[in-house]
>>> print(open('upload.txt').read())   # compact mmCIF, C-alpha atoms
# COMPACT_ATOMS: atom_id res chain seq x y z
CA MET A 1 95.01 106.14 112.89
CA SER A 2 91.23 106.05 113.32
CA HIS A 3 88.87 108.53 111.76
CA THR A 4 85.43 109.65 112.83
CA LEU A 5 83.37 110.68 109.84
CA ASP A 6 80.66 113.27 109.96
CA ILE A 7 78.55 112.93 106.83
CA SER A 8 75.55 114.75 108.24
CA THR A 9 76.41 117.90 106.29
CA VAL A 10 77.06 116.35 102.87
CA SER A 11 74.57 115.84 100.08
CA PRO A 12 72.70 112.53 99.77
CA ILE A 13 74.66 111.76 96.59
CA ALA A 14 78.04 112.25 98.27
CA GLU A 15 76.83 110.33 101.32
CA ALA A 16 75.70 107.40 99.17
CA PHE A 17 79.00 107.16 97.28
CA VAL A 18 81.08 107.44 100.46
CA ALA A 19 79.03 104.75 102.21
CA ALA A 20 79.15 102.42 99.20
CA ARG A 21 82.89 102.81 98.75
CA ARG A 22 83.55 102.27 102.47
CA THR A 23 81.61 98.98 102.47
CA TRP A 24 82.52 97.86 98.94
CA ARG A 25 78.83 97.79 98.03
CA ALA A 26 77.53 98.36 94.51
CA LEU A 27 74.96 101.03 93.71
CA PRO A 28 72.37 99.78 91.18
CA ALA A 29 71.58 103.34 90.02
CA TYR A 30 72.96 106.84 90.38
CA PRO A 31 71.95 107.91 93.90
CA GLY A 32 69.96 111.02 93.05
CA ALA A 33 69.48 113.56 90.29
CA ALA A 34 72.56 113.57 88.08
CA PRO A 35 74.50 116.86 88.18
CA ALA A 36 73.92 118.90 85.04
CA THR A 37 77.27 120.71 85.10
CA LEU A 38 80.84 119.98 86.10
CA ASP A 39 80.64 122.74 88.71
CA ALA A 40 77.78 120.87 90.38
CA ALA A 41 79.70 117.60 90.10
CA TYR A 42 82.78 119.08 91.80
CA ARG A 43 80.62 120.37 94.65
CA ILE A 44 79.48 116.79 95.23
CA GLN A 45 83.06 115.57 94.92
CA ASP A 46 84.30 118.12 97.45
CA GLU A 47 81.62 117.05 99.93
CA ALA A 48 82.65 113.42 99.51
CA ILE A 49 86.33 114.32 99.95
CA SER A 50 85.49 116.01 103.24
CA ALA A 51 83.78 112.83 104.44
CA TRP A 52 86.47 110.37 103.29
CA PRO A 53 88.84 108.99 105.97
CA ASP A 54 92.13 109.61 104.19
CA ARG A 55 94.31 112.38 102.82
CA ILE A 56 94.66 113.27 99.16
CA ALA A 57 97.97 111.96 97.75
CA GLY A 58 97.35 113.22 94.24
CA TRP A 59 94.88 113.68 91.43
CA LYS A 60 93.77 111.82 88.30
CA LEU A 61 92.80 113.40 85.01
CA GLY A 62 90.36 111.91 82.54
CA ARG A 63 89.39 112.97 79.06
CA VAL A 64 86.03 114.52 78.17
CA PRO A 65 85.59 113.56 74.49
CA PRO A 66 83.86 115.58 71.78
CA PRO A 67 81.13 116.75 71.61
CA LEU A 68 80.77 116.57 75.40
CA ASP A 69 83.84 118.76 75.86
CA VAL A 70 81.96 121.63 74.19
CA ARG A 71 78.74 120.99 76.07
CA PHE A 72 80.47 120.85 79.48
CA GLY A 73 83.11 123.46 78.77
CA ALA A 74 86.14 121.29 79.53
CA GLY A 75 88.25 118.69 77.76
CA ARG A 76 89.22 116.96 81.00
CA LEU A 77 87.84 116.05 84.41
CA ALA A 78 89.67 115.45 87.68
CA GLY A 79 89.32 113.34 90.81
CA PRO A 80 91.32 112.72 94.00
CA ILE A 81 93.71 109.83 94.62
CA PHE A 82 93.88 108.90 98.30
CA SER A 83 97.06 107.86 100.06
CA ARG A 84 95.92 104.37 101.09
CA ASN A 85 95.09 103.65 97.45
CA VAL A 86 98.62 104.30 96.18
CA TRP A 87 100.68 101.13 95.76
CA LEU A 88 104.29 100.76 94.66
CA ALA A 89 104.72 98.31 91.81
CA GLY A 90 106.93 95.33 92.58
CA PRO A 91 108.11 92.14 90.89
CA GLU A 92 104.83 90.38 91.69
CA PRO A 93 101.43 91.54 90.37
CA THR A 94 99.80 94.20 92.57
CA ALA A 95 96.38 93.11 93.80
CA PHE A 96 93.58 95.67 93.88
CA GLY A 97 90.01 95.29 95.09
CA VAL A 98 86.98 95.35 92.78
CA ILE A 99 83.43 96.02 93.95
CA GLY A 100 81.14 93.27 92.71
CA GLY A 101 78.48 94.79 90.49
CA GLY A 102 80.39 98.06 90.18
CA PHE A 103 82.87 99.41 87.64
CA ALA A 104 86.57 98.60 87.35
CA ALA A 105 89.17 99.36 84.70
CA VAL A 106 92.92 99.72 84.27
CA GLU A 107 94.65 102.59 82.47
CA ALA A 108 98.32 102.91 81.57
CA GLU A 109 99.40 106.41 82.61
CA TYR A 110 102.33 108.75 82.98
CA VAL A 111 102.43 110.09 86.52
CA LEU A 112 103.94 113.45 87.40
CA GLU A 113 105.49 113.96 90.84
CA ILE A 114 105.23 117.52 92.13
CA ALA A 115 108.52 119.05 93.29
CA GLU A 116 107.10 122.07 95.11
CA PRO A 117 103.68 123.70 95.35
CA PRO A 118 103.20 126.02 92.38
CA PRO A 119 101.97 129.52 93.20
CA VAL A 120 98.31 130.25 92.72
CA ARG A 121 99.05 131.79 89.34
CA PRO A 122 102.12 132.25 87.15
CA GLY A 123 103.81 135.60 87.65
CA SER A 124 101.98 137.13 84.69
CA GLY A 125 98.59 136.27 86.17
CA GLU A 126 97.76 134.25 83.05
CA PRO A 127 96.21 130.79 83.30
CA TRP A 128 98.61 127.88 83.58
CA ARG A 129 99.80 126.29 80.33
CA ALA A 130 101.93 123.25 79.56
CA ASP A 131 105.05 125.34 79.03
CA SER A 132 104.73 127.01 82.44
CA VAL A 133 104.31 123.94 84.66
CA ALA A 134 107.33 121.74 83.85
CA ALA A 135 109.51 123.48 86.44
CA TYR A 136 107.24 122.19 89.22
CA VAL A 137 107.67 118.51 88.23
CA SER A 138 110.45 116.55 89.91
CA ALA A 139 109.90 113.22 88.15
CA VAL A 140 107.71 111.34 85.71
CA HIS A 141 106.79 107.75 86.59
CA ILE A 142 105.09 104.96 84.72
CA GLY A 143 101.87 103.89 86.37
CA ILE A 144 98.48 102.23 86.21
CA GLU A 145 95.42 104.13 87.31
CA ILE A 146 92.78 101.86 88.79
CA ALA A 147 89.44 103.31 87.72
CA GLY A 148 86.60 102.18 89.93
CA SER A 149 83.17 103.08 91.25
CA PRO A 150 80.31 101.41 93.09
CA PHE A 151 78.09 102.52 90.18
CA ALA A 152 78.56 100.30 87.11
CA GLY A 153 77.27 103.06 84.81
CA ILE A 154 79.68 105.71 86.08
CA ASN A 155 80.99 106.45 82.56
CA ASP A 156 77.68 106.09 80.72
CA HIS A 157 75.96 109.33 81.72
CA GLY A 158 78.45 112.04 80.84
CA PRO A 159 81.45 113.62 82.54
CA ALA A 160 79.53 115.30 85.39
CA VAL A 161 78.36 111.94 86.71
CA THR A 162 81.89 110.56 86.37
CA ALA A 163 83.44 113.55 88.17
CA SER A 164 80.94 113.43 91.03
CA ASP A 165 82.25 110.07 92.30
CA PHE A 166 85.93 110.91 92.84
CA GLY A 167 86.37 111.09 89.08
CA ASN A 168 85.94 107.30 88.91
CA ASN A 169 89.27 106.71 90.67
CA ALA A 170 90.00 103.72 92.90
CA GLY A 171 93.76 103.86 93.14
CA LEU A 172 97.17 104.23 91.52
CA ILE A 173 99.97 101.71 91.03
CA LEU A 174 103.20 103.69 90.85
CA GLY A 175 106.08 102.32 88.82
CA ALA A 176 109.64 103.36 88.07
CA ALA A 177 110.77 106.87 87.23
CA VAL A 178 111.35 107.63 83.56
CA VAL A 179 115.00 108.43 82.84
CA ASN A 180 115.64 111.76 81.10
CA TRP A 181 111.92 112.47 80.93
CA ARG A 182 112.31 116.12 79.93
CA GLU A 183 114.01 115.12 76.67
CA ARG A 184 111.89 112.02 76.02
CA LEU A 185 108.37 112.82 77.22
CA ASP A 186 106.72 113.33 73.83
CA GLY A 187 108.02 110.01 72.49
CA LEU A 188 107.14 107.71 75.40
CA ALA A 189 105.07 104.68 74.35
CA CYS A 190 103.21 101.86 76.10
CA ARG A 191 100.75 99.01 75.63
CA VAL A 192 98.30 97.12 77.86
CA GLU A 193 97.37 93.43 77.99
CA ILE A 194 94.55 91.78 79.93
CA ASP A 195 94.91 88.03 80.47
CA GLY A 196 97.66 88.01 77.83
CA ALA A 197 95.67 89.71 75.06
CA GLU A 198 96.60 93.21 73.93
CA VAL A 199 93.75 95.66 74.52
CA GLY A 200 95.41 98.98 73.72
CA GLU A 201 98.57 100.81 72.72
CA GLY A 202 99.59 104.44 72.74
CA GLY A 203 101.82 106.78 74.66
CA ALA A 204 102.30 110.27 76.00
CA SER A 205 101.28 111.74 72.65
CA SER A 206 97.89 110.01 72.98
CA ILE A 207 97.02 112.40 75.83
CA PRO A 208 95.56 115.58 74.30
CA GLY A 209 98.20 118.29 74.68
CA GLY A 210 100.46 115.83 76.50
CA PRO A 211 100.93 115.09 80.23
CA LEU A 212 102.08 118.61 81.09
CA ASP A 213 98.90 120.04 79.61
CA SER A 214 96.99 117.77 82.00
CA LEU A 215 98.87 119.35 84.90
CA ALA A 216 98.13 122.86 83.63
CA PHE A 217 94.43 122.02 83.40
CA LEU A 218 94.46 120.64 86.93
CA LEU A 219 96.14 123.72 88.40
CA ASN A 220 93.57 126.00 86.79
CA LEU A 221 90.70 123.80 87.97
CA LEU A 222 91.93 123.48 91.56
CA GLU A 223 92.28 127.23 91.81
CA THR A 224 88.57 127.63 91.05
CA ARG A 225 87.84 125.10 93.80
CA GLY A 226 90.03 126.78 96.41
CA ARG A 227 92.55 123.91 96.40
CA ARG A 228 96.30 123.69 95.78
CA LEU A 229 98.83 120.99 95.08
CA ASP A 230 101.37 119.90 97.71
CA ALA A 231 104.97 118.85 97.20
CA GLY A 232 105.21 115.13 96.56
CA GLN A 233 101.69 114.74 95.23
CA LEU A 234 101.21 112.48 92.22
CA ILE A 235 99.29 113.53 89.10
CA SER A 236 98.00 110.69 86.92
CA THR A 237 97.75 112.54 83.62
CA GLY A 238 95.27 110.50 81.58
CA ALA A 239 94.81 107.18 79.86
CA ALA A 240 97.61 106.67 77.34
CA THR A 241 96.11 103.55 75.72
CA GLY A 242 92.43 103.84 76.66
CA VAL A 243 90.19 102.75 79.52
CA HIS A 244 90.16 98.95 79.76
CA ARG A 245 87.38 97.23 81.72
CA ILE A 246 88.57 94.44 83.99
CA GLU A 247 86.72 91.76 85.96
CA MET A 248 87.55 89.99 89.21
CA GLY A 249 90.26 87.40 88.68
CA GLN A 250 91.66 88.99 85.55
CA SER A 251 95.27 90.15 85.32
CA ALA A 252 96.68 93.12 83.44
CA VAL A 253 100.15 94.23 82.34
CA ALA A 254 101.13 97.72 81.27
CA ASP A 255 104.34 97.52 79.24
CA PHE A 256 106.27 100.79 78.91
CA GLY A 257 109.17 99.28 76.93
CA ASP A 258 112.60 100.21 78.26
CA ASP A 259 110.96 102.25 81.04
CA GLY A 260 109.51 99.14 82.71
CA ARG A 261 106.33 97.17 83.09
CA ILE A 262 103.65 96.91 85.78
CA ALA A 263 101.51 93.85 86.46
CA CYS A 264 98.32 93.76 88.50
CA VAL A 265 95.40 91.49 89.32
CA ALA A 266 91.79 92.29 90.19
CA VAL A 267 90.53 90.60 93.37
CA PRO A 268 87.23 90.78 95.25
CA ALA A 269 87.07 93.78 97.57
CA VAL A 270 86.37 92.80 101.17
CA GLY A 271 86.15 94.52 104.55
CA ALA A 272 85.04 98.03 105.41
CA VAL A 273 87.27 101.05 104.89
CA ALA A 274 88.25 102.30 108.35
>>> encode(input="upload.txt", output="structure tokens")
Amino acid sequence: MSHTLDISTVSPIAEAFVAARRTWRALPAYPGAAPATLDAAYRIQDEAISAWPDRIAGWKLGRVPPPLDVRFGAGRLAGPIFSRNVWLAGPEPTAFGVIGGGFAAVEAEYVLEIAEPPPVRPGSGEPWRADSVAAYVSAVHIGIEIAGSPFAGINDHGPAVTASDFGNNAGLILGAAVVNWRERLDGLACRVEIDGAEVGEGGASSIPGGPLDSLAFLLNLLETRGRRLDAGQLISTGAATGVHRIEMGQSAVADFGDDGRIACVAVPAVGAVA
């Protein structure tokens, strides 16, 4: 299916990121004045979403560490995952494209699959919390979030800059479903290797508040942005072992123990996004 993009109504920052991502071209600097707040960053993100030629298949969450969480008023940030950037893990390593001169990283994650669209608010009208969202999750999968941006410094200038470019997301590799996840979620563990060397270990408990708290945060945030989740969407809940930079030609493995493993390899990104 072809898409005709109209970027004449989006901000220069959103336009620059969309154009760079479509042509796999690095940006040597942030393309404008950096947003000072997360609200401003999400306005840029929403403009870029409207100009991107694909549908949203899910959302990623990333941590905002102290003391930036206090300064920006949030402990997490969010970005869209687009359908053509969701790959199913197989027996062979999954290849993903890296923009030369940009940013790329791999993150072991627990991915929630939405069973049905939650209502705008719980029945009480209170904000969503971890204990009120589990009923809307049909499955938990192992996964690797591919973090990526045309701007190499995407994570070096605070969470608003990160959020403004799709939350620094470039894709999701979806692995197997976790058996009996409701009973086991808190104890799930994983580790990541790059080119055979361990670079991080952790698990679901490494995510502040746990994966369900990530979903609660997202629901509250999307409501303020006039957005909702759809059935079947995938929520990548946050880096369980850290954010691990990766270069072209390198391979990574996320090992989730008895729940499976996912292998991937970074390759040069080529061709324009249709």
>>> closest_residue(input="upload.txt", among="A:Phe96, A:Trp59, A:Trp87, A:Tyr136", to="A:Gly238", atoms="all atoms listed in the file")
A:Trp59
>>> atom_distance(input="upload.txt", atom1="atom CA of A:Gly148", atom2="atom CA of A:Val98")
7.4 Å
>>> axis_aligned_box(input="upload.txt", around="stretch 180-186 of chain A", padding_each_side="3 Å", output="JSON")
{"center_x": 111.2, "center_y": 113.9, "center_z": 77.5, "size_x": 14.9, "size_y": 10.4, "size_z": 13.3}
>>> residues_around(input="upload.txt", residues="A:Arg191", least_positions_apart="4", cutoff="10 Å", atoms="all atoms listed in the file", output="ChimeraX atom specification")
/A:107-108,198-203,240-242,253-257,261
>>> residues_around(input="upload.txt", residues="A:Glu47", least_positions_apart="3", cutoff="7 Å", atoms="all atoms listed in the file", output="list in words")
Val10, Ala14, Arg43, Ile44, Ser50 and Ala51 of chain A
>>> residues_around(input="upload.txt", residues="A:Ala147", least_positions_apart="2", cutoff="6 Å", atoms="all atoms listed in the file", output="MDAnalysis selection string")
chainID A and resid 104:105 168:170
>>> atom_distance(input="upload.txt", atom1="atom CA of A:Phe103", atom2="atom CA of A:His244")
10.7 Å
>>> closest_residue(input="upload.txt", among="A:Ser138, A:Gln45, A:Ser214, A:Ser251", to="A:Ile13", atoms="all atoms listed in the file")
A:Gln45
>>> atom_distance(input="upload.txt", atom1="atom CA of A:Pro12", atom2="atom CA of A:Arg63")
26.6 Å
>>> closest_residue(input="upload.txt", among="A:Ala272, A:Leu219, A:Met248, A:Ala266", to="A:Gly101", atoms="all atoms listed in the file")
A:Met248
>>> closest_residue(input="upload.txt", among="A:Asn155, A:Val161, A:Asp259, A:Glu109", to="A:Ser206", atoms="all atoms listed in the file")
A:Glu109
>>> closest_residue(input="upload.txt", among="A:Pro159, A:Gly210, A:Gly260, A:Pro93", to="A:Gly79", atoms="all atoms listed in the file")
A:Pro159
>>> closest_residue(input="upload.txt", among="A:Gly100, A:Pro67, A:Pro150, A:Pro119", to="A:Val267", atoms="all atoms listed in the file")
A:Gly100
>>> residues_near_point(input="upload.txt", point="(80.5, 122.9, 83.5)", cutoff="6 Å", atoms="all atoms listed in the file", output="mmCIF file with C-alpha atoms, keeping the file's coordinate frame")
data_model
loop_
_atom_site.group_PDB
_atom_site.id
_atom_site.type_symbol
_atom_site.label_atom_id
_atom_site.label_comp_id
_atom_site.auth_asym_id
_atom_site.auth_seq_id
_atom_site.Cartn_x
_atom_site.Cartn_y
_atom_site.Cartn_z
ATOM 1 C CA THR A 37 77.270 120.710 85.100
ATOM 2 C CA LEU A 38 80.840 119.980 86.100
ATOM 3 C CA ASP A 39 80.640 122.740 88.710
ATOM 4 C CA PHE A 72 80.470 120.850 79.480
ATOM 5 C CA GLY A 73 83.110 123.460 78.770
#
>>> closest_atom_pairs(input="upload.txt", of="stretch 89-146 of chain A", to="stretch 228-237 of chain A", cutoff="12 Å", atoms="all atoms listed in the file", output="JSON lines")
{"residue": "A:Glu107", "atom": "CA", "partner": "A:Ser236", "partner_atom": "CA", "distance": 9.8}
{"residue": "A:Ala108", "atom": "CA", "partner": "A:Ser236", "partner_atom": "CA", "distance": 9.4}
{"residue": "A:Glu109", "atom": "CA", "partner": "A:Ser236", "partner_atom": "CA", "distance": 6.2}
{"residue": "A:Tyr110", "atom": "CA", "partner": "A:Thr237", "partner_atom": "CA", "distance": 6.0}
{"residue": "A:Val111", "atom": "CA", "partner": "A:Ser236", "partner_atom": "CA", "distance": 4.5}
{"residue": "A:Leu112", "atom": "CA", "partner": "A:Ile235", "partner_atom": "CA", "distance": 5.0}
{"residue": "A:Glu113", "atom": "CA", "partner": "A:Leu234", "partner_atom": "CA", "distance": 4.7}
{"residue": "A:Ile114", "atom": "CA", "partner": "A:Gly232", "partner_atom": "CA", "distance": 5.0}
{"residue": "A:Ala115", "atom": "CA", "partner": "A:Ala231", "partner_atom": "CA", "distance": 5.3}
{"residue": "A:Glu116", "atom": "CA", "partner": "A:Ala231", "partner_atom": "CA", "distance": 4.4}
{"residue": "A:Pro117", "atom": "CA", "partner": "A:Asp230", "partner_atom": "CA", "distance": 5.0}
{"residue": "A:Pro118", "atom": "CA", "partner": "A:Leu229", "partner_atom": "CA", "distance": 7.2}
{"residue": "A:Pro119", "atom": "CA", "partner": "A:Arg228", "partner_atom": "CA", "distance": 8.5}
{"residue": "A:Val120", "atom": "CA", "partner": "A:Arg228", "partner_atom": "CA", "distance": 7.5}
{"residue": "A:Arg121", "atom": "CA", "partner": "A:Arg228", "partner_atom": "CA", "distance": 10.7}
{"residue": "A:Tyr136", "atom": "CA", "partner": "A:Ala231", "partner_atom": "CA", "distance": 8.9}
{"residue": "A:Val137", "atom": "CA", "partner": "A:Gly232", "partner_atom": "CA", "distance": 9.3}
{"residue": "A:Ser138", "atom": "CA", "partner": "A:Gly232", "partner_atom": "CA", "distance": 8.6}
{"residue": "A:Ala139", "atom": "CA", "partner": "A:Leu234", "partner_atom": "CA", "distance": 9.6}
{"residue": "A:Val140", "atom": "CA", "partner": "A:Leu234", "partner_atom": "CA", "distance": 9.3}
{"residue": "A:His141", "atom": "CA", "partner": "A:Leu234", "partner_atom": "CA", "distance": 9.2}
{"residue": "A:Ile142", "atom": "CA", "partner": "A:Ser236", "partner_atom": "CA", "distance": 9.4}
{"residue": "A:Gly143", "atom": "CA", "partner": "A:Ser236", "partner_atom": "CA", "distance": 7.8}
{"residue": "A:Ile144", "atom": "CA", "partner": "A:Ser236", "partner_atom": "CA", "distance": 8.5}
{"residue": "A:Glu145", "atom": "CA", "partner": "A:Ser236", "partner_atom": "CA", "distance": 7.1}
{"residue": "A:Ile146", "atom": "CA", "partner": "A:Ser236", "partner_atom": "CA", "distance": 10.4}
